[in-house]
$ cat upload_39.txt   # compact mmCIF, C-alpha atoms
# COMPACT_ATOMS: atom_id res chain seq x y z
CA MET A 1 127.59 104.26 73.82
CA LYS A 2 125.41 101.15 73.72
CA GLN A 3 125.39 101.02 77.54
CA SER A 4 124.35 104.69 77.73
CA SER A 5 121.52 104.04 75.26
CA LEU A 6 120.35 101.07 77.33
CA LEU A 7 120.33 103.13 80.53
CA ASN A 8 118.38 105.89 78.80
CA ARG A 9 115.77 103.46 77.49
CA TYR A 10 115.12 101.77 80.83
CA ARG A 11 115.91 104.78 83.06
CA LEU A 12 112.55 104.91 84.83
CA LEU A 13 112.43 101.16 85.39
CA ILE A 14 115.95 101.12 86.87
CA ALA A 15 115.20 104.05 89.19
CA LEU A 16 111.98 102.42 90.41
CA LEU A 17 113.73 99.10 90.98
CA LEU A 18 116.38 100.81 93.12
CA MET A 19 113.73 102.67 95.10
CA PHE A 20 111.81 99.47 95.81
CA ILE A 21 115.03 97.86 97.03
CA PHE A 22 115.42 100.70 99.54
CA LEU A 23 111.78 100.28 100.58
CA LEU A 24 112.48 96.61 101.22
CA PHE A 25 115.42 97.57 103.45
CA ILE A 26 113.14 99.90 105.44
CA VAL A 27 110.70 97.06 106.09
CA LEU A 28 113.47 94.62 107.01
CA LEU A 29 115.13 97.15 109.34
CA LYS A 30 111.79 97.99 111.01
CA GLY A 31 111.89 101.67 110.00
CA LYS A 32 115.45 102.36 111.15
CA HIS A 33 117.57 104.86 109.18
CA TYR A 34 114.46 106.02 107.31
CA LEU A 35 115.93 109.49 106.64
CA LEU A 36 118.98 107.98 104.95
CA PHE A 37 116.75 105.82 102.76
CA SER A 38 114.56 108.84 102.01
CA PHE A 39 117.54 110.70 100.55
CA MET A 40 118.61 107.57 98.67
CA CYS A 41 115.12 107.44 97.14
CA LEU A 42 115.46 111.12 96.23
CA ILE A 43 118.72 110.39 94.41
CA CYS A 44 117.04 107.52 92.58
CA SER A 45 114.20 109.82 91.49
CA LEU A 46 116.77 112.21 89.99
CA LEU A 47 118.50 109.51 87.95
CA PRO A 48 115.93 109.26 85.09
CA ALA A 49 116.12 113.02 84.43
CA TYR A 50 119.94 112.91 84.63
CA TRP A 51 120.13 110.10 82.07
CA ARG A 52 117.58 111.77 79.80
CA PHE A 53 119.38 115.13 79.80
CA GLU A 54 122.89 113.63 79.78
CA HIS A 55 123.63 115.14 76.35
CA ASP A 56 121.20 118.06 76.71
CA PRO A 57 121.65 119.54 80.21
CA ILE A 58 118.60 120.77 82.11
CA SER A 59 118.30 124.53 81.80
CA THR A 60 118.08 126.97 84.68
CA GLN A 61 114.50 127.76 83.63
CA THR A 62 113.57 124.08 83.93
CA LEU A 63 115.13 123.74 87.38
CA MET A 64 113.41 126.91 88.58
CA PHE A 65 110.05 125.74 87.22
CA VAL A 66 110.37 122.35 88.95
CA ALA A 67 111.39 124.10 92.20
CA VAL A 68 108.32 126.36 91.99
CA LEU A 69 106.05 123.36 91.39
CA ILE A 70 107.51 121.54 94.40
CA ALA A 71 107.05 124.65 96.56
CA LEU A 72 103.47 124.98 95.32
CA ALA A 73 102.75 121.31 96.05
CA VAL A 74 104.18 121.67 99.57
CA ALA A 75 102.16 124.86 100.12
CA THR A 76 98.95 123.08 99.13
CA ARG A 77 99.65 120.04 101.32
CA VAL A 78 100.70 121.55 104.64
CA PRO A 79 97.60 123.73 105.33
CA LEU A 80 95.29 120.80 104.53
CA GLY A 81 97.18 118.38 106.75
CA ALA A 82 94.49 118.47 109.44
CA ILE A 83 91.81 117.15 107.05
CA PRO A 84 91.95 113.32 106.79
CA GLY A 85 93.01 112.12 103.36
CA VAL A 86 92.80 115.47 101.56
CA GLN A 87 96.03 115.98 99.59
CA GLY A 88 96.14 119.17 97.57
CA ALA A 89 99.69 118.28 96.56
CA SER A 90 98.40 115.49 94.30
CA PHE A 91 96.77 118.05 92.00
CA VAL A 92 100.10 119.84 91.49
CA VAL A 93 102.01 116.58 91.04
CA ILE A 94 99.60 115.43 88.32
CA LEU A 95 99.88 118.80 86.55
CA SER A 96 103.67 118.66 86.75
CA GLY A 97 103.71 115.27 85.04
CA VAL A 98 101.32 116.37 82.28
CA SER A 99 103.33 119.58 81.72
CA LEU A 100 106.91 118.29 82.07
CA GLY A 101 106.80 114.59 81.28
CA PRO A 102 107.38 111.44 83.35
CA GLU A 103 110.94 112.09 84.54
CA LEU A 104 110.35 115.58 85.92
CA GLY A 105 106.89 114.59 87.14
CA PHE A 106 108.57 111.78 89.06
CA ILE A 107 111.05 114.23 90.61
CA THR A 108 108.31 116.69 91.55
CA GLY A 109 106.24 114.01 93.24
CA SER A 110 109.03 112.33 95.20
CA THR A 111 110.63 115.61 96.30
CA THR A 112 107.26 117.01 97.39
CA ALA A 113 106.86 114.16 99.87
CA LEU A 114 110.33 114.66 101.36
CA VAL A 115 110.14 118.46 101.61
CA SER A 116 106.55 118.63 102.90
CA ASN A 117 107.34 116.06 105.60
CA MET A 118 109.87 118.50 107.01
CA PHE A 119 106.74 120.34 108.18
CA MET A 120 104.37 117.38 108.57
CA GLY A 121 106.87 115.04 110.23
CA GLN A 122 109.43 112.61 108.82
CA GLY A 123 109.23 108.89 109.46
CA PRO A 124 109.56 105.46 107.83
CA TRP A 125 106.49 106.36 105.77
CA THR A 126 108.38 109.14 103.94
CA PRO A 127 110.12 106.95 101.30
CA TRP A 128 106.82 105.20 100.60
CA GLN A 129 105.11 108.55 100.05
CA MET A 130 108.00 109.55 97.79
CA VAL A 131 107.43 106.47 95.65
CA ALA A 132 103.64 106.95 95.63
CA TRP A 133 103.73 110.62 94.59
CA GLY A 134 106.64 109.94 92.26
CA LEU A 135 104.63 107.26 90.45
CA MET A 136 101.66 109.62 90.32
CA GLY A 137 103.75 112.26 88.52
CA LEU A 138 105.38 109.64 86.32
CA THR A 139 102.12 108.09 85.11
CA ALA A 140 100.59 111.53 84.52
CA GLY A 141 103.67 112.38 82.45
CA LEU A 142 103.06 109.39 80.17
CA PHE A 143 100.00 111.27 78.86
CA MET A 144 101.91 114.52 78.21
CA LYS A 145 101.76 114.19 74.43
CA ALA A 146 98.51 112.22 74.30
CA ARG A 147 95.06 113.63 73.61
CA LEU A 148 93.81 112.04 76.83
CA SER A 149 95.63 114.73 78.82
CA HIS A 150 93.26 117.30 77.28
CA SER A 151 90.16 115.35 78.30
CA LEU A 152 88.79 116.71 81.56
CA ILE A 153 86.71 113.57 82.19
CA PHE A 154 89.73 111.30 81.74
CA MET A 155 91.90 113.40 84.05
CA ILE A 156 89.18 113.44 86.73
CA VAL A 157 89.00 109.64 86.60
CA PHE A 158 92.81 109.41 86.55
CA ALA A 159 93.13 111.65 89.62
CA CYS A 160 90.37 109.78 91.44
CA VAL A 161 92.00 106.40 90.78
CA TRP A 162 95.34 107.70 92.02
CA GLY A 163 93.69 108.81 95.25
CA TYR A 164 93.05 105.14 95.97
CA LEU A 165 96.36 103.87 94.52
CA PHE A 166 98.29 106.27 96.75
CA GLY A 167 96.41 104.95 99.78
CA TRP A 168 97.01 101.32 98.79
CA ILE A 169 100.74 101.90 98.48
CA MET A 170 100.75 103.36 101.99
CA ASP A 171 98.56 100.49 103.21
CA LEU A 172 101.13 98.05 101.82
CA TRP A 173 103.84 99.71 103.91
CA TYR A 174 101.64 99.64 107.01
CA ALA A 175 100.74 95.97 106.54
CA LEU A 176 104.33 94.86 105.96
CA ALA A 177 105.70 96.94 108.83
CA TYR A 178 103.08 96.66 111.56
CA VAL A 179 100.53 93.90 110.93
CA SER A 180 101.40 90.71 112.77
CA PRO A 181 100.68 87.96 112.07
CA LEU A 182 100.39 88.88 108.41
CA THR A 183 97.66 86.72 106.93
CA ILE A 184 95.40 87.21 103.93
CA LYS A 185 92.61 88.32 106.26
CA SER A 186 94.73 90.81 108.22
CA PHE A 187 96.26 92.07 104.95
CA ILE A 188 92.82 92.79 103.48
CA LEU A 189 91.63 94.41 106.73
CA ALA A 190 94.68 96.73 106.72
CA PHE A 191 93.65 97.96 103.26
CA ALA A 192 89.95 98.17 104.11
CA ALA A 193 90.60 100.25 107.24
CA SER A 194 91.85 103.25 105.25
CA PHE A 195 89.36 102.99 102.38
CA PHE A 196 87.05 105.40 104.18
CA PRO A 197 87.61 108.15 104.97
CA PHE A 198 91.31 108.53 104.02
CA ASP A 199 91.50 107.02 100.51
CA THR A 200 88.00 108.14 99.54
CA PHE A 201 88.65 111.71 100.71
CA HIS A 202 91.92 111.74 98.78
CA ALA A 203 90.20 110.50 95.62
CA ALA A 204 87.31 112.94 96.02
CA SER A 205 89.57 115.95 96.65
CA ASN A 206 91.70 115.02 93.63
CA ALA A 207 88.62 114.80 91.41
CA PHE A 208 87.24 118.08 92.78
CA LEU A 209 90.48 120.02 92.22
CA ILE A 210 90.96 118.60 88.72
CA ALA A 211 87.36 119.39 87.76
CA LEU A 212 87.66 122.95 89.06
CA PHE A 213 91.21 124.00 88.15
CA TYR A 214 92.75 121.57 85.64
CA LYS A 215 91.82 123.30 82.38
CA PRO A 216 92.99 126.85 83.24
CA TRP A 217 96.14 125.59 85.01
CA GLU A 218 97.02 123.24 82.15
CA LYS A 219 96.81 126.15 79.70
CA LEU A 220 98.89 128.36 82.03
CA PHE A 221 101.59 125.72 82.47
CA HIS A 222 101.67 125.05 78.72
CA ARG A 223 102.18 128.78 78.04
CA LEU A 224 104.98 129.00 80.60
CA VAL A 225 106.72 125.88 79.24
CA THR A 226 106.54 127.28 75.69
CA LYS A 227 107.35 130.93 76.49
CA TYR A 228 110.39 130.22 78.65
CA ASN A 229 111.59 127.23 76.64
CA ILE A 230 111.45 125.04 79.74
CA LEU A 231 111.49 121.85 77.68
CA PRO A 232 113.49 122.53 74.51
CA ASP A 233 112.80 119.11 73.02
CA LYS A 234 109.04 119.69 73.44
CA ASN A 235 109.10 123.05 71.69
CA GLN A 236 111.15 122.04 68.69

$ encode --input "upload_39.txt" --output "structure tokens"
Amino acid sequence: MKQSSLLNRYRLLIALLLMFIFLLFIVLLKGKHYLLFSFMCLICSLLPAYWRFEHDPISTQTLMFVAVLIALAVATRVPLGAIPGVQGASFVVILSGVSLGPELGFITGSTTALVSNMFMGQGPWTPWQMVAWGLMGLTAGLFMKARLSHSLIFMIVFACVWGYLFGWIMDLWYALAYVSPLTIKSFILAFAASFFPFDTFHAASNAFLIALFYKPWEKLFHRLVTKYNILPDKNQ
């Protein structure tokens, strides 16, 4: 019982630690077996929700809602794939975290990367995108019950910052995998190379979508979560 309580308390930290171990393997193996590690990262992203709902199983409504959010995120990413840095999926991932909490936001983000790359192209970058979008949903979920999630200005800044953080996580993968020799100068240059246009476009598109659609979509998602009892513990 004590062990179960410990796992539940540190569930997100344990899942992230396991995912980072798999990312390390990808770097050490020079991108080999990336699809296997992608699915291992997906399993890791599911663990926090499994531990949280161990004694209160996830309802069919919750699973369906998460599946719809993932499909929506994929649908907003694929058509915009030709525009450098613009990631419509980030808007949906942030909303999923705010609406469903860190665990399910984490699942939505990580699964979005894996599923959308079935259309965009899989590669050793996939697990890194899973971690980046997973963390985006997770951190957004930390504000689910906070007043900050109702502040449009705060959410615009949050989304804008994550546009750059997402890019920096991907830059880290690129630097570790492809930059040789890896020095402080080459490391900084690898990050600077994507700052504009990719990271800036991502940050700007996030801010634009949040400014335009966040308030009505947040109210819609809140109504759906309440009406269909998607998160029982939130509605009690």

$ residues_around --input "upload_39.txt" --residues "A:Met136" --least-positions-apart "6" --cutoff "10 Å" --atoms "all atoms listed in the file" --output "compact mmCIF listing (two decimals) with C-alpha atoms, in the frame of the given file"
# COMPACT_ATOMS: atom_id res chain seq x y z
CA SER A 90 98.40 115.49 94.30
CA PHE A 91 96.77 118.05 92.00
CA VAL A 93 102.01 116.58 91.04
CA ILE A 94 99.60 115.43 88.32
CA SER A 96 103.67 118.66 86.75
CA GLY A 97 103.71 115.27 85.04
CA PRO A 102 107.38 111.44 83.35
CA GLY A 105 106.89 114.59 87.14
CA PHE A 106 108.57 111.78 89.06
CA THR A 108 108.31 116.69 91.55
CA GLY A 109 106.24 114.01 93.24
CA SER A 110 109.03 112.33 95.20
CA MET A 130 108.00 109.55 97.79
CA PHE A 158 92.81 109.41 86.55
CA ALA A 159 93.13 111.65 89.62
CA TRP A 162 95.34 107.70 92.02
CA GLY A 163 93.69 108.81 95.25
CA LEU A 165 96.36 103.87 94.52
CA PHE A 166 98.29 106.27 96.75

$ closest_residue --input "upload_39.txt" --among "A:Pro127, A:Pro197, A:Pro216, A:Gly101" --to "A:Thr62" --atoms "all atoms listed in the file"
A:Gly101

$ closest_residue --input "upload_39.txt" --among "A:Gln129, A:Gly31, A:Glu103, A:Gln87" --to "A:Trp51" --atoms "only C-alpha atoms"
A:Glu103

$ closest_residue --input "upload_39.txt" --among "A:Val161, A:Val225, A:Val78, A:Ala203" --to "A:Leu63" --atoms "all atoms listed in the file"
A:Val225

$ atom_distance --input "upload_39.txt" --atom1 "atom CA of A:Phe187" --atom2 "atom CA of A:Ile169"
12.6 Å

$ closest_residue --input "upload_39.txt" --among "A:Phe213, A:Trp168, A:Phe119, A:Phe143" --to "A:Phe195" --atoms "only C-alpha atoms"
A:Trp168

$ closest_residue --input "upload_39.txt" --among "A:Ser116, A:Ser99, A:Thr200, A:Ser38" --to "A:Val66" --atoms "only C-alpha atoms"
A:Ser99

$ closest_residue --input "upload_39.txt" --among "A:Gln61, A:Asn117, A:Thr126, A:Ser194" --to "A:Leu23" --atoms "all atoms listed in the file"
A:Thr126

$ atom_distance --input "upload_39.txt" --atom1 "atom CA of A:Tyr164" --atom2 "atom CA of A:Leu138"
16.3 Å

$ build_atoms --input "upload_39.txt" --residues "stretch 113-124 of chain A" --atoms "all heavy atoms" --output "short mmCIF file (atom, residue, chain, number, x, y, z; two decimals), keeping the file's coordinate frame"
data_model
loop_
_atom_site.label_atom_id
_atom_site.label_comp_id
_atom_site.auth_asym_id
_atom_site.auth_seq_id
_atom_site.Cartn_x
_atom_site.Cartn_y
_atom_site.Cartn_z
N ALA A 113 107.07 114.95 98.65
CA ALA A 113 106.86 114.16 99.87
C ALA A 113 107.96 114.44 100.90
O ALA A 113 107.67 114.65 102.09
CB ALA A 113 106.83 112.67 99.53
N LEU A 114 109.21 114.45 100.44
CA LEU A 114 110.33 114.66 101.36
C LEU A 114 110.31 116.05 101.97
O LEU A 114 110.47 116.22 103.19
CB LEU A 114 111.66 114.42 100.64
CG LEU A 114 112.93 114.56 101.48
CD1 LEU A 114 112.95 113.54 102.60
CD2 LEU A 114 114.17 114.41 100.60
N VAL A 115 110.10 117.07 101.13
CA VAL A 115 110.14 118.46 101.61
C VAL A 115 108.93 118.75 102.51
O VAL A 115 109.08 119.37 103.58
CB VAL A 115 110.17 119.44 100.42
CG1 VAL A 115 110.07 120.88 100.92
CG2 VAL A 115 111.47 119.25 99.62
N SER A 116 107.75 118.33 102.10
CA SER A 116 106.55 118.63 102.90
C SER A 116 106.59 117.92 104.25
O SER A 116 106.05 118.43 105.24
CB SER A 116 105.28 118.25 102.14
OG SER A 116 105.25 116.86 101.86
N ASN A 117 107.24 116.77 104.32
CA ASN A 117 107.34 116.06 105.60
C ASN A 117 108.31 116.72 106.57
O ASN A 117 108.36 116.36 107.74
CB ASN A 117 107.75 114.60 105.37
CG ASN A 117 106.56 113.75 104.98
OD1 ASN A 117 105.42 114.22 104.98
ND2 ASN A 117 106.80 112.49 104.65
N MET A 118 109.07 117.70 106.08
CA MET A 118 109.87 118.50 107.01
C MET A 118 108.96 119.36 107.89
O MET A 118 109.34 119.77 108.99
CB MET A 118 110.84 119.39 106.23
CG MET A 118 111.92 118.62 105.51
SD MET A 118 113.04 119.70 104.57
CE MET A 118 114.14 118.48 103.85
N PHE A 119 107.74 119.60 107.40
CA PHE A 119 106.74 120.34 108.18
C PHE A 119 105.73 119.39 108.82
O PHE A 119 105.28 119.63 109.95
CB PHE A 119 105.98 121.33 107.28
CG PHE A 119 106.87 122.31 106.58
CD1 PHE A 119 107.34 122.07 105.29
CD2 PHE A 119 107.26 123.49 107.21
CE1 PHE A 119 108.16 122.98 104.64
CE2 PHE A 119 108.08 124.42 106.57
CZ PHE A 119 108.54 124.15 105.28
N MET A 120 105.39 118.32 108.10
CA MET A 120 104.37 117.38 108.57
C MET A 120 104.93 116.33 109.51
O MET A 120 104.19 115.75 110.31
CB MET A 120 103.72 116.68 107.37
CG MET A 120 103.17 117.62 106.31
SD MET A 120 101.67 118.47 106.83
CE MET A 120 100.52 117.12 106.92
N GLY A 121 106.25 116.07 109.41
CA GLY A 121 106.87 115.04 110.23
C GLY A 121 107.46 113.93 109.39
O GLY A 121 106.75 113.30 108.60
N GLN A 122 108.76 113.69 109.54
CA GLN A 122 109.43 112.61 108.82
C GLN A 122 109.23 111.30 109.57
O GLN A 122 108.98 111.27 110.77
CB GLN A 122 110.94 112.90 108.70
CG GLN A 122 111.29 114.18 107.98
CD GLN A 122 111.11 114.09 106.48
OE1 GLN A 122 110.81 113.04 105.93
NE2 GLN A 122 111.29 115.22 105.79
N GLY A 123 109.35 110.20 108.85
CA GLY A 123 109.23 108.89 109.46
C GLY A 123 109.46 107.81 108.42
O GLY A 123 109.75 108.12 107.25
N PRO A 124 109.35 106.54 108.79
CA PRO A 124 109.56 105.46 107.83
C PRO A 124 108.55 105.45 106.70
O PRO A 124 108.71 104.74 105.71
CB PRO A 124 109.44 104.19 108.69
CG PRO A 124 108.71 104.61 109.91
CD PRO A 124 109.08 106.04 110.15
#
